[in-house]
Amino acid sequence: MTLKGKEILLGVAGGIAAFKAAALTSRLKAAGAGVSVMMTESAAKLVAPQTFYALSGRPVRLSLWTDPTSAHPHISAAKDAQIFCVAPATADIMAKAAAGIADDLLSTTILAFPGPILLAPAMNRVMWSKPATQRSAARLKEDGFYFVGPETGRLSCGDDGVGRMAEPEAIEKAIDEILSGAAPSGSAD
Ligand SMILES: Cc1cc2nc3c(=O)[nH]c(=O)nc-3n(C[C@H](O)[C@H](O)[C@H](O)COP(=O)(O)O)c2cc1C
């Protein structure tokens, strides 16, 4: 494990799997990493930012415009971290990242982040299989983004299929592999 002493930026987008990002935060902290969390507006409706504050020990960034600690939160958040993990990555954030759209804190930080970015997609199986989402995933892979999952299994909407977010353990392993210079074993195929 290479996580001890590493700085990890965790972006949480508005998927129901945001609750699993809380467990991921705990695991990364337990492994000795520093974890800074940013959430989209939708994510903050699904899981309270206070949960991530409590688990990471750091205030959670929520907006480009209301961060009392920085005039350029997307730049300062990107500066200290060795890796940016977005979990869950929604169809929306993937489409924005694939197109270079930067209209909120998370999408702007994706554009401003100079290091490796790992996406853990999570969504309904129909959303995942839509050509638009598949185009986003293919473009992001071409652009050098790393992927872990999505997995096949039971989805929060009750369906079975592809779209389940990788488990926190698998995401931690992928982060570790990227930081060690090995290609992660999970993929968006
Ligand atoms: C209860 C609930 C669960 C959702 N789960 C997902 C999801 O797992 N994946 C996804 O792509 N969108 C999901 N959505 C839709 C997104 O929240 C919506 O597209 C939103 O605009 C995403 O914004 P963000 O990417 O800025 O977080 C969900 C919406 C609701 C109300």
# chains A, B, ... in the order shown; residues from 1 in each chain; ligands from 1
call {"tool": "residues_near_ligand", "arguments": {"ligand": "ligand 1", "cutoff": "6 Å", "atoms": "only C-alpha atoms and all ligand atoms", "output": "PyMOL selection string"}}
result
chain A and resi 13-16+40+42-43+90-93+122-123
call {"tool": "residues_around", "arguments": {"residues": "A:Ser56", "least_positions_apart": "6", "cutoff": "9 Å", "atoms": "only C-alpha atoms", "output": "list in words"}}
result
Ala22, Thr25, Ser26, Leu28, Lys29, Gly34, Val35, Ser36 and Val37 of chain A
call {"tool": "residues_around", "arguments": {"residues": "A:Leu105", "least_positions_apart": "2", "cutoff": "7 Å", "atoms": "only C-alpha atoms", "output": "PDB file with C-alpha atoms, in the first residue's frame"}}
result
ATOM      1  CA  LEU A  62     -19.234  22.706  -2.183  1.00  0.00           C
ATOM      2  CA  SER A  63     -19.043  25.732  -4.426  1.00  0.00           C
ATOM      3  CA  LEU A  64     -16.759  27.859  -6.544  1.00  0.00           C
ATOM      4  CA  HIS A  74     -10.738  24.759  -7.954  1.00  0.00           C
ATOM      5  CA  SER A 107     -16.289  19.947 -13.218  1.00  0.00           C
ATOM      6  CA  THR A 108     -13.998  22.981 -13.034  1.00  0.00           C
ATOM      7  CA  THR A 109     -11.592  21.130 -10.740  1.00  0.00           C
TER       8      THR A 109
END
call {"tool": "closest_atom_pairs", "arguments": {"of": "stretch 61-98 of chain A", "to": "stretch 4-8 of chain A", "cutoff": "6 Å", "atoms": "only C-alpha atoms", "output": "JSON lines"}}
result
{"residue": "A:Ala81", "atom": "CA", "partner": "A:Glu7", "partner_atom": "CA", "distance": 4.6}
{"residue": "A:Gln82", "atom": "CA", "partner": "A:Glu7", "partner_atom": "CA", "distance": 5.7}
{"residue": "A:Ile83", "atom": "CA", "partner": "A:Ile8", "partner_atom": "CA", "distance": 5.4}
call {"tool": "write_last_selection", "arguments": {"atoms": "C-alpha atoms", "output": "PDB file, in the first residue's frame"}}
result
ATOM      1  CA  ALA A  81      -3.439  16.189  -4.223  1.00  0.00           C
ATOM      2  CA  GLN A  82      -1.565  13.393  -5.989  1.00  0.00           C
ATOM      3  CA  ILE A  83      -4.779  11.934  -7.412  1.00  0.00           C
TER       4      ILE A  83
END
call {"tool": "atom_distance", "arguments": {"atom1": "atom CA of A:Ala21", "atom2": "atom CA of A:Gly100"}}
result
24.1 Å
